[in-house]
Each structure stands twice: as structure tokens, then as C-alpha cells.
Amino acid sequence: MDKKLLLGPNLATIMTNYIAEINTLIELLPFRPSTLKSDGSPVTELDLSLSELCERMAKKHFPDVNFYCEEKFSAWKFPLMAIDPLDGTREYIAGRAEWAISLGLFESKAFVGQGWVYNPVTKELFDEQKNQEKKSSNTIFRGEVSRTEWDNDLFKNFESDKIQLKPVGSIAYKLGRLSAGKSDFVISLNPKNIWDIAGGTILCQKSNIKFYSEGKLVTEVREKYHPPLIWCREEIFSMLSSFL
């Protein structure tokens, strides 16, 4: 299939038409009961309902793209849409407004594509139409990290007058914020699946923010990435790496 034809539909434009339906779903499912999946992680009725919505959208607008979602997937092959219908389920269950819906669309194994991240609680929308590269002349760099990792003291070695860390839930939400210039870097010290980080990482790249896994620049789409995971501008990568 012709690449231009395949990526012709604009993900951000299409998802704009689904925001009202997403918001309605959340109003209809105000409670947060959860069950445990086989890996021990929680899943809620909203996770599954949002997954169904995303699958319906993908089949309608991107019928030739493989659907790869945390709650349901077919095959690992390209073209691929990596989706986390509710990234930050623990935050959602706890009633914290730090979770997001994340979609990333890839033509091939090259980490290039279209991204979309939306926080339905705060109504923050991160997409290519809204985000623009923002130059930073900061002498203090503001970073966002996992709330769970923060509570487990995994960042106690980050002591510097050049760095300020803030715990925030949902890696997808943090990456959306990073792409929009609301922070200077994001670090995770636990592995991440592609559906967790696809949409946000694509948006970060379009704002000239690089993604590093195990000390190396990521250029290829894989099912899972291993820590340390760092999203930042190239010029501060060495400084951040020195703390790990």
C-alpha cells in the first residue's frame, strides 16, 4: 500500500470527533470498581469500554492497520496502531486526574507516525495540531517521574540544584505534557510497553524531544522498552544519565 495513502487520514482530526463520546462514556461510568488481569494489574469497566471505542474508530478509519491495544490485540505487524485506552488505571481508581488515552500510528518499524493523547478529566488534549516546538533557556530543568517510582524512593540519587522532580501519574499523560512544553524531561525506571508510550513519544519527537532506552537513542518500534527510559532534549541527556 502506498505510504501517502495509508497515512492520509489525520489521526488528530478523526479523534476530535470522538471526544464527546469519550466524555459521555466517563459520565456514564462514574464508579471505579476494578478486577485484576492475569498479570496482576487492575482493569475497570471504563478501560474495556474505551478500548471498544478505539477499536471501532480504528476499524472505520484505518481498516488496513493492525490494532494493538493493551486490552485487545491481533498481531504484531505493520502498519500498526498502538493504543492504551486508559493509561494510569491506578490513578483513575484512586480518583486522581492523572490518566490519559493514548494512540500512536506507525507505518513501519521506524519510530515515526501520528500521535494523540487526551486527559478527559482535565480536558487536556495533546496532538500535532496543538503542539509546537518550544525552545528552553532554563537553568533549572523540571522533570516528571512515576508517582509509584517516586514513592519507592527510586529517585533519591537525583540531588542537584539544576533539577526539579515532580511525581505525576500515567506515562502517557506525562509525555503529552512534555510534548507541550509543560516539563523539560520525563524519566521512567521501569519497563514500558509500546502502547504505554507510543502516542506521547511521537508527539515529543515532533517537538524535538528524543527518546532513550538503556542509554541508546530509540529509532525503532518494539513491543517493550527497558529502563532507564529518558525523554528529553539531546543537550541534557548526558546530565540526566549521570544520575542513573
# chains A, B, ... in the order shown; residues from 1 in each chain; ligands from 1

$ residues_around --residues "stretch 193-196 of chain A" --least-positions-apart "2" --cutoff "8 Å" --atoms "only C-alpha atoms" --output "ChimeraX atom specification"
/A:68-70,82-84,87,102-104,171-172,191,198-199,221-225

$ write_last_selection --atoms "N, CA and C atoms" --output "mmCIF file, in the first residue's frame"
data_model
loop_
_atom_site.group_PDB
_atom_site.id
_atom_site.type_symbol
_atom_site.label_atom_id
_atom_site.label_comp_id
_atom_site.auth_asym_id
_atom_site.auth_seq_id
_atom_site.Cartn_x
_atom_site.Cartn_y
_atom_site.Cartn_z
ATOM 1 N N TYR A 68 -3.348 -2.821 17.995
ATOM 2 C CA TYR A 68 -2.517 -3.370 19.067
ATOM 3 C C TYR A 68 -2.790 -2.567 20.330
ATOM 4 N N CYS A 69 -3.661 -3.109 21.185
ATOM 5 C CA CYS A 69 -4.163 -2.383 22.344
ATOM 6 C C CYS A 69 -3.848 -3.164 23.612
ATOM 7 N N GLU A 70 -3.706 -2.458 24.721
ATOM 8 C CA GLU A 70 -3.425 -3.138 25.989
ATOM 9 C C GLU A 70 -4.501 -4.164 26.325
ATOM 10 N N ALA A 82 -0.887 1.462 18.038
ATOM 11 C CA ALA A 82 -0.669 1.063 19.426
ATOM 12 C C ALA A 82 -1.506 1.950 20.335
ATOM 13 N N ILE A 83 -2.386 1.335 21.119
ATOM 14 C CA ILE A 83 -3.376 2.090 21.887
ATOM 15 C C ILE A 83 -3.385 1.669 23.353
ATOM 16 N N ASP A 84 -3.388 2.648 24.224
ATOM 17 C CA ASP A 84 -3.700 2.405 25.630
ATOM 18 C C ASP A 84 -4.974 3.191 25.920
ATOM 19 N N ASP A 87 -4.457 4.810 30.186
ATOM 20 C CA ASP A 87 -3.134 4.693 30.791
ATOM 21 C C ASP A 87 -3.154 5.423 32.135
ATOM 22 N N SER A 102 -4.204 7.140 25.001
ATOM 23 C CA SER A 102 -3.027 7.335 24.148
ATOM 24 C C SER A 102 -3.123 6.481 22.891
ATOM 25 N N LEU A 103 -2.891 7.116 21.726
ATOM 26 C CA LEU A 103 -2.880 6.407 20.455
ATOM 27 C C LEU A 103 -1.632 6.780 19.662
ATOM 28 N N GLY A 104 -1.001 5.777 19.062
ATOM 29 C CA GLY A 104 0.143 6.014 18.193
ATOM 30 C C GLY A 104 0.011 5.183 16.930
ATOM 31 N N ILE A 171 2.286 7.494 32.329
ATOM 32 C CA ILE A 171 3.393 7.856 31.451
ATOM 33 C C ILE A 171 2.870 8.561 30.195
ATOM 34 N N ALA A 172 1.706 8.141 29.691
ATOM 35 C CA ALA A 172 1.146 8.794 28.505
ATOM 36 C C ALA A 172 0.833 10.258 28.790
ATOM 37 N N PRO A 191 10.153 -0.943 32.955
ATOM 38 C CA PRO A 191 9.882 -1.190 31.533
ATOM 39 C C PRO A 191 8.526 -0.629 31.114
ATOM 40 N N ALA A 198 3.542 5.076 22.978
ATOM 41 C CA ALA A 198 3.552 5.354 21.528
ATOM 42 C C ALA A 198 3.081 6.764 21.196
ATOM 43 N N GLY A 199 1.859 7.106 21.600
ATOM 44 C CA GLY A 199 1.308 8.404 21.231
ATOM 45 C C GLY A 199 2.124 9.565 21.742
ATOM 46 N N VAL A 221 10.434 0.832 16.451
ATOM 47 C CA VAL A 221 9.275 0.425 17.244
ATOM 48 C C VAL A 221 9.461 -1.005 17.721
ATOM 49 N N ARG A 222 9.364 -1.196 19.032
ATOM 50 C CA ARG A 222 9.435 -2.527 19.635
ATOM 51 C C ARG A 222 8.251 -2.715 20.572
ATOM 52 N N GLU A 223 7.999 -3.950 20.954
ATOM 53 C CA GLU A 223 6.873 -4.233 21.840
ATOM 54 C C GLU A 223 7.116 -3.721 23.251
ATOM 55 N N LYS A 224 8.370 -3.727 23.701
ATOM 56 C CA LYS A 224 8.673 -3.289 25.060
ATOM 57 C C LYS A 224 10.039 -2.614 25.086
ATOM 58 N N TYR A 225 10.169 -1.616 25.986
ATOM 59 C CA TYR A 225 11.426 -0.896 26.159
ATOM 60 C C TYR A 225 11.863 -1.001 27.614
#

$ select_by_dssp --residues "stretch 9-206 of chain A" --states "helix (DSSP H, G or I)" --output "MDAnalysis selection string"
chainID A and resid 11:16 19:28 45:61 89:94 147:151 171:179 194:206

$ closest_residue --among "A:Cys54, A:Ile93, A:Val168, A:Ala12" --to "A:Glu144" --atoms "only C-alpha atoms"
A:Val168

$ select_by_dssp --residues "stretch 127-214 of chain A" --states "strand (DSSP E)" --output "list of chain:residue names"
A:Asp127, A:Phe141, A:Arg142, A:Gly143, A:Glu144, A:Val145, A:Ser146, A:Ile163, A:Gln164, A:Leu165, A:Lys166, A:Pro167, A:Val168, A:Phe185, A:Val186, A:Ile187, A:Ser188, A:Lys192, A:Asn193, A:Lys210, A:Phe211, A:Tyr212, A:Ser213

$ write_last_selection --atoms "N, CA and C atoms" --output "PDB file, in the first residue's frame"
ATOM      1  N   ASP A 127      -1.933  16.962  20.686  1.00  0.00           N
ATOM      2  CA  ASP A 127      -1.864  16.411  19.340  1.00  0.00           C
ATOM      3  C   ASP A 127      -0.972  17.292  18.478  1.00  0.00           C
ATOM      4  N   PHE A 141      15.946  22.509  35.268  1.00  0.00           N
ATOM      5  CA  PHE A 141      15.157  21.648  34.401  1.00  0.00           C
ATOM      6  C   PHE A 141      14.114  20.896  35.232  1.00  0.00           C
ATOM      7  N   ARG A 142      12.864  21.017  34.804  1.00  0.00           N
ATOM      8  CA  ARG A 142      11.741  20.424  35.516  1.00  0.00           C
ATOM      9  C   ARG A 142      11.405  19.068  34.892  1.00  0.00           C
ATOM     10  N   GLY A 143      11.484  18.029  35.717  1.00  0.00           N
ATOM     11  CA  GLY A 143      11.197  16.699  35.222  1.00  0.00           C
ATOM     12  C   GLY A 143      10.010  16.076  35.926  1.00  0.00           C
ATOM     13  N   GLU A 144       9.301  15.203  35.201  1.00  0.00           N
ATOM     14  CA  GLU A 144       8.183  14.468  35.786  1.00  0.00           C
ATOM     15  C   GLU A 144       8.490  12.984  35.770  1.00  0.00           C
ATOM     16  N   VAL A 145       8.181  12.315  36.881  1.00  0.00           N
ATOM     17  CA  VAL A 145       8.503  10.904  37.053  1.00  0.00           C
ATOM     18  C   VAL A 145       7.290  10.157  37.586  1.00  0.00           C
ATOM     19  N   SER A 146       7.374   8.835  37.558  1.00  0.00           N
ATOM     20  CA  SER A 146       6.294   7.986  38.035  1.00  0.00           C
ATOM     21  C   SER A 146       6.017   8.225  39.519  1.00  0.00           C
ATOM     22  N   ILE A 163      18.013  20.485  38.826  1.00  0.00           N
ATOM     23  CA  ILE A 163      16.885  19.614  38.513  1.00  0.00           C
ATOM     24  C   ILE A 163      15.803  19.719  39.578  1.00  0.00           C
ATOM     25  N   GLN A 164      14.557  19.773  39.122  1.00  0.00           N
ATOM     26  CA  GLN A 164      13.398  19.682  39.998  1.00  0.00           C
ATOM     27  C   GLN A 164      12.529  18.531  39.505  1.00  0.00           C
ATOM     28  N   LEU A 165      12.227  17.588  40.388  1.00  0.00           N
ATOM     29  CA  LEU A 165      11.409  16.442  40.021  1.00  0.00           C
ATOM     30  C   LEU A 165      10.013  16.561  40.623  1.00  0.00           C
ATOM     31  N   LYS A 166       9.040  16.063  39.866  1.00  0.00           N
ATOM     32  CA  LYS A 166       7.652  16.073  40.325  1.00  0.00           C
ATOM     33  C   LYS A 166       7.010  14.735  39.974  1.00  0.00           C
ATOM     34  N   PRO A 167       6.400  14.053  40.948  1.00  0.00           N
ATOM     35  CA  PRO A 167       5.702  12.800  40.633  1.00  0.00           C
ATOM     36  C   PRO A 167       4.358  13.065  39.982  1.00  0.00           C
ATOM     37  N   VAL A 168       4.102  12.397  38.874  1.00  0.00           N
ATOM     38  CA  VAL A 168       2.847  12.531  38.132  1.00  0.00           C
ATOM     39  C   VAL A 168       2.452  11.149  37.624  1.00  0.00           C
ATOM     40  N   PHE A 185      11.672  17.168  30.935  1.00  0.00           N
ATOM     41  CA  PHE A 185      12.050  15.780  30.681  1.00  0.00           C
ATOM     42  C   PHE A 185      11.134  14.847  31.466  1.00  0.00           C
ATOM     43  N   VAL A 186      11.123  13.589  31.033  1.00  0.00           N
ATOM     44  CA  VAL A 186      10.406  12.522  31.730  1.00  0.00           C
ATOM     45  C   VAL A 186      11.352  11.348  31.851  1.00  0.00           C
ATOM     46  N   ILE A 187      11.356  10.715  33.021  1.00  0.00           N
ATOM     47  CA  ILE A 187      12.192   9.536  33.246  1.00  0.00           C
ATOM     48  C   ILE A 187      11.335   8.429  33.850  1.00  0.00           C
ATOM     49  N   SER A 188      11.527   7.201  33.388  1.00  0.00           N
ATOM     50  CA  SER A 188      10.906   6.033  33.997  1.00  0.00           C
ATOM     51  C   SER A 188      11.980   4.985  34.254  1.00  0.00           C
ATOM     52  N   LYS A 192       8.416  -0.305  29.826  1.00  0.00           N
ATOM     53  CA  LYS A 192       7.159   0.189  29.283  1.00  0.00           C
ATOM     54  C   LYS A 192       6.829  -0.538  27.983  1.00  0.00           C
ATOM     55  N   ASN A 193       5.557  -0.901  27.834  1.00  0.00           N
ATOM     56  CA  ASN A 193       5.083  -1.473  26.583  1.00  0.00           C
ATOM     57  C   ASN A 193       4.852  -0.369  25.566  1.00  0.00           C
ATOM     58  N   LYS A 210      13.930  13.758  22.281  1.00  0.00           N
ATOM     59  CA  LYS A 210      14.398  12.412  21.949  1.00  0.00           C
ATOM     60  C   LYS A 210      13.948  11.397  22.996  1.00  0.00           C
ATOM     61  N   PHE A 211      13.922  10.140  22.580  1.00  0.00           N
ATOM     62  CA  PHE A 211      13.567   9.030  23.465  1.00  0.00           C
ATOM     63  C   PHE A 211      14.756   8.079  23.554  1.00  0.00           C
ATOM     64  N   TYR A 212      15.184   7.800  24.793  1.00  0.00           N
ATOM     65  CA  TYR A 212      16.341   6.929  25.034  1.00  0.00           C
ATOM     66  C   TYR A 212      15.937   5.746  25.902  1.00  0.00           C
ATOM     67  N   SER A 213      16.409   4.565  25.536  1.00  0.00           N
ATOM     68  CA  SER A 213      16.182   3.346  26.315  1.00  0.00           C
ATOM     69  C   SER A 213      17.517   2.652  26.533  1.00  0.00           C
TER      70      SER A 213
END

$ closest_residue --among "A:Met15, A:Val117, A:Ile26, A:Ala20" --to "A:Leu48" --atoms "only C-alpha atoms"
A:Ile26

$ residues_around --residues "A:Leu80" --least-positions-apart "2" --cutoff "7 Å" --atoms "only C-alpha atoms" --output "NGL selection string"
:A and (65-68 or 77-78 or 82 or 105-107)

$ write_last_selection --atoms "N, CA and C atoms" --output "compact mmCIF listing (two decimals), in the first residue's frame"
# COMPACT_ATOMS: atom_id res chain seq x y z
N VAL A 65 -4.88 -1.14 9.13
CA VAL A 65 -3.88 -1.01 10.18
C VAL A 65 -4.16 -2.03 11.28
N ASN A 66 -3.13 -2.71 11.75
CA ASN A 66 -3.28 -3.69 12.82
C ASN A 66 -3.53 -2.99 14.15
N PHE A 67 -4.50 -3.51 14.88
CA PHE A 67 -4.95 -2.93 16.15
C PHE A 67 -4.17 -3.59 17.29
N TYR A 68 -3.35 -2.82 17.99
CA TYR A 68 -2.52 -3.37 19.07
C TYR A 68 -2.79 -2.57 20.33
N LYS A 77 2.35 -6.64 13.74
CA LYS A 77 2.87 -6.40 12.40
C LYS A 77 2.41 -5.03 11.95
N PHE A 78 3.12 -4.52 10.95
CA PHE A 78 2.88 -3.16 10.50
C PHE A 78 2.12 -3.14 9.18
N ALA A 82 -0.89 1.46 18.04
CA ALA A 82 -0.67 1.06 19.43
C ALA A 82 -1.51 1.95 20.33
N LEU A 105 0.19 5.81 15.78
CA LEU A 105 0.02 5.14 14.49
C LEU A 105 1.36 5.07 13.76
N PHE A 106 1.78 3.85 13.41
CA PHE A 106 3.08 3.63 12.76
C PHE A 106 2.89 2.97 11.41
N GLU A 107 3.60 3.49 10.40
CA GLU A 107 3.63 2.89 9.06
C GLU A 107 4.53 1.66 9.04

$ closest_residue --among "A:Leu244, A:Ile14, A:Ile19, A:Ala180" --to "A:Gln205" --atoms "only C-alpha atoms"
A:Ala180

$ closest_residue --among "A:Phe31, A:Tyr18, A:Trp231, A:Phe73" --to "A:Lys174" --atoms "only C-alpha atoms"
A:Trp231

$ closest_residue --among "A:Leu178, A:Asp153, A:Phe111, A:Leu203" --to "A:Leu217" --atoms "only C-alpha atoms"
A:Phe111

$ closest_residue --among "A:Arg147, A:Arg32, A:Lys109, A:His61" --to "A:Asp47" --atoms "only C-alpha atoms"
A:Arg32

$ residues_around --residues "A:Arg96" --least-positions-apart "5" --cutoff "10 Å" --atoms "only C-alpha atoms" --output "ChimeraX atom specification"
/A:88-91,121,168-169

$ write_last_selection --atoms "N, CA and C atoms" --output "short mmCIF file (atom, residue, chain, number, x, y, z; two decimals), in the first residue's frame"
data_model
loop_
_atom_site.label_atom_id
_atom_site.label_comp_id
_atom_site.auth_asym_id
_atom_site.auth_seq_id
_atom_site.Cartn_x
_atom_site.Cartn_y
_atom_site.Cartn_z
N GLY A 88 -2.85 4.69 33.19
CA GLY A 88 -2.93 5.25 34.53
C GLY A 88 -4.17 4.76 35.25
N THR A 89 -4.47 3.46 35.09
CA THR A 89 -5.67 2.90 35.72
C THR A 89 -5.64 3.07 37.24
N ARG A 90 -4.46 2.91 37.84
CA ARG A 90 -4.37 3.08 39.30
C ARG A 90 -4.71 4.52 39.70
N GLU A 91 -4.30 5.48 38.88
CA GLU A 91 -4.63 6.88 39.17
C GLU A 91 -6.15 7.10 39.04
N VAL A 121 -10.30 14.12 32.13
CA VAL A 121 -10.66 14.78 33.39
C VAL A 121 -10.28 16.25 33.34
N VAL A 168 4.10 12.40 38.87
CA VAL A 168 2.85 12.53 38.13
C VAL A 168 2.45 11.15 37.62
N GLY A 169 1.19 10.81 37.71
CA GLY A 169 0.73 9.51 37.24
C GLY A 169 0.64 9.44 35.73
#

$ decode --residues "stretch 14-55 of chain A" --atoms "N, CA and C atoms" --output "short mmCIF file (atom, residue, chain, number, x, y, z; two decimals), in the first residue's frame"
data_model
loop_
_atom_site.label_atom_id
_atom_site.label_comp_id
_atom_site.auth_asym_id
_atom_site.auth_seq_id
_atom_site.Cartn_x
_atom_site.Cartn_y
_atom_site.Cartn_z
N ILE A 14 -9.53 13.05 13.19
CA ILE A 14 -10.52 11.99 13.40
C ILE A 14 -10.91 11.90 14.87
N MET A 15 -9.93 11.94 15.77
CA MET A 15 -10.22 11.77 17.19
C MET A 15 -11.00 12.94 17.77
N THR A 16 -10.91 14.10 17.15
CA THR A 16 -11.71 15.25 17.60
C THR A 16 -13.19 14.90 17.59
N ASN A 17 -13.59 14.07 16.63
CA ASN A 17 -14.99 13.68 16.50
C ASN A 17 -15.42 12.66 17.55
N TYR A 18 -14.47 12.10 18.29
CA TYR A 18 -14.77 11.09 19.30
C TYR A 18 -14.69 11.62 20.72
N ILE A 19 -14.24 12.86 20.89
CA ILE A 19 -14.06 13.40 22.24
C ILE A 19 -15.37 13.46 23.00
N ALA A 20 -16.44 13.89 22.36
CA ALA A 20 -17.74 13.97 23.03
C ALA A 20 -18.19 12.59 23.49
N GLU A 21 -17.96 11.57 22.66
CA GLU A 21 -18.35 10.21 23.03
C GLU A 21 -17.50 9.70 24.19
N ILE A 22 -16.21 10.04 24.19
CA ILE A 22 -15.33 9.66 25.30
C ILE A 22 -15.83 10.30 26.60
N ASN A 23 -16.15 11.58 26.54
CA ASN A 23 -16.61 12.29 27.73
C ASN A 23 -17.94 11.72 28.24
N THR A 24 -18.81 11.32 27.32
CA THR A 24 -20.09 10.72 27.70
C THR A 24 -19.89 9.38 28.39
N LEU A 25 -18.96 8.59 27.88
CA LEU A 25 -18.65 7.30 28.49
C LEU A 25 -18.23 7.48 29.94
N ILE A 26 -17.40 8.47 30.19
CA ILE A 26 -16.90 8.71 31.55
C ILE A 26 -18.02 9.15 32.46
N GLU A 27 -18.97 9.91 31.94
CA GLU A 27 -20.14 10.34 32.73
C GLU A 27 -21.05 9.15 33.05
N LEU A 28 -21.14 8.20 32.11
CA LEU A 28 -21.98 7.03 32.32
C LEU A 28 -21.34 6.00 33.24
N LEU A 29 -20.02 6.06 33.36
CA LEU A 29 -19.29 5.10 34.21
C LEU A 29 -18.52 5.86 35.29
N PRO A 30 -19.26 6.49 36.22
CA PRO A 30 -18.60 7.33 37.21
C PRO A 30 -17.89 6.55 38.30
N PHE A 31 -18.24 5.28 38.46
CA PHE A 31 -17.63 4.49 39.53
C PHE A 31 -16.37 3.80 39.03
N ARG A 32 -15.54 3.35 39.95
CA ARG A 32 -14.24 2.83 39.57
C ARG A 32 -13.94 1.43 40.12
N PRO A 33 -14.92 0.52 40.10
CA PRO A 33 -14.61 -0.85 40.54
C PRO A 33 -13.64 -1.50 39.58
N SER A 34 -12.79 -2.36 40.09
CA SER A 34 -11.78 -2.98 39.23
C SER A 34 -11.63 -4.46 39.54
N THR A 35 -11.12 -5.18 38.56
CA THR A 35 -10.73 -6.57 38.74
C THR A 35 -9.26 -6.68 38.34
N LEU A 36 -8.65 -7.81 38.64
CA LEU A 36 -7.24 -8.00 38.32
C LEU A 36 -7.08 -8.86 37.07
N LYS A 37 -6.19 -8.42 36.17
CA LYS A 37 -5.85 -9.21 35.00
C LYS A 37 -4.85 -10.30 35.40
N SER A 38 -4.50 -11.15 34.47
CA SER A 38 -3.60 -12.27 34.77
C SER A 38 -2.23 -11.81 35.24
N ASP A 39 -1.80 -10.60 34.83
CA ASP A 39 -0.50 -10.09 35.26
C ASP A 39 -0.57 -9.34 36.59
N GLY A 40 -1.75 -9.31 37.20
CA GLY A 40 -1.90 -8.66 38.49
C GLY A 40 -2.27 -7.19 38.43
N SER A 41 -2.34 -6.62 37.24
CA SER A 41 -2.68 -5.20 37.10
C SER A 41 -4.20 -5.04 37.07
N PRO A 42 -4.71 -3.89 37.54
CA PRO A 42 -6.16 -3.69 37.58
C PRO A 42 -6.74 -3.32 36.23
N VAL A 43 -7.99 -3.68 36.02
CA VAL A 43 -8.73 -3.28 34.83
C VAL A 43 -10.14 -2.91 35.26
N THR A 44 -10.69 -1.86 34.66
CA THR A 44 -12.02 -1.39 35.03
C THR A 44 -12.96 -1.47 33.83
N GLU A 45 -14.24 -1.26 34.11
CA GLU A 45 -15.22 -1.25 33.03
C GLU A 45 -14.92 -0.13 32.04
N LEU A 46 -14.39 0.99 32.54
CA LEU A 46 -14.06 2.10 31.64
C LEU A 46 -12.90 1.73 30.73
N ASP A 47 -11.89 1.00 31.24
CA ASP A 47 -10.80 0.51 30.38
C ASP A 47 -11.38 -0.21 29.17
N LEU A 48 -12.28 -1.15 29.45
CA LEU A 48 -12.81 -2.01 28.39
C LEU A 48 -13.72 -1.22 27.44
N SER A 49 -14.50 -0.29 27.98
CA SER A 49 -15.40 0.50 27.13
C SER A 49 -14.61 1.42 26.21
N LEU A 50 -13.56 2.05 26.74
CA LEU A 50 -12.72 2.92 25.92
C LEU A 50 -11.97 2.10 24.87
N SER A 51 -11.57 0.89 25.23
CA SER A 51 -10.90 0.01 24.28
C SER A 51 -11.82 -0.32 23.11
N GLU A 52 -13.08 -0.60 23.41
CA GLU A 52 -14.06 -0.89 22.36
C GLU A 52 -14.26 0.31 21.45
N LEU A 53 -14.31 1.50 22.04
CA LEU A 53 -14.47 2.72 21.25
C LEU A 53 -13.28 2.90 20.30
N CYS A 54 -12.07 2.73 20.83
CA CYS A 54 -10.87 2.90 20.00
C CYS A 54 -10.80 1.87 18.89
N GLU A 55 -11.21 0.64 19.19
CA GLU A 55 -11.21 -0.41 18.17
C GLU A 55 -12.21 -0.07 17.06
#
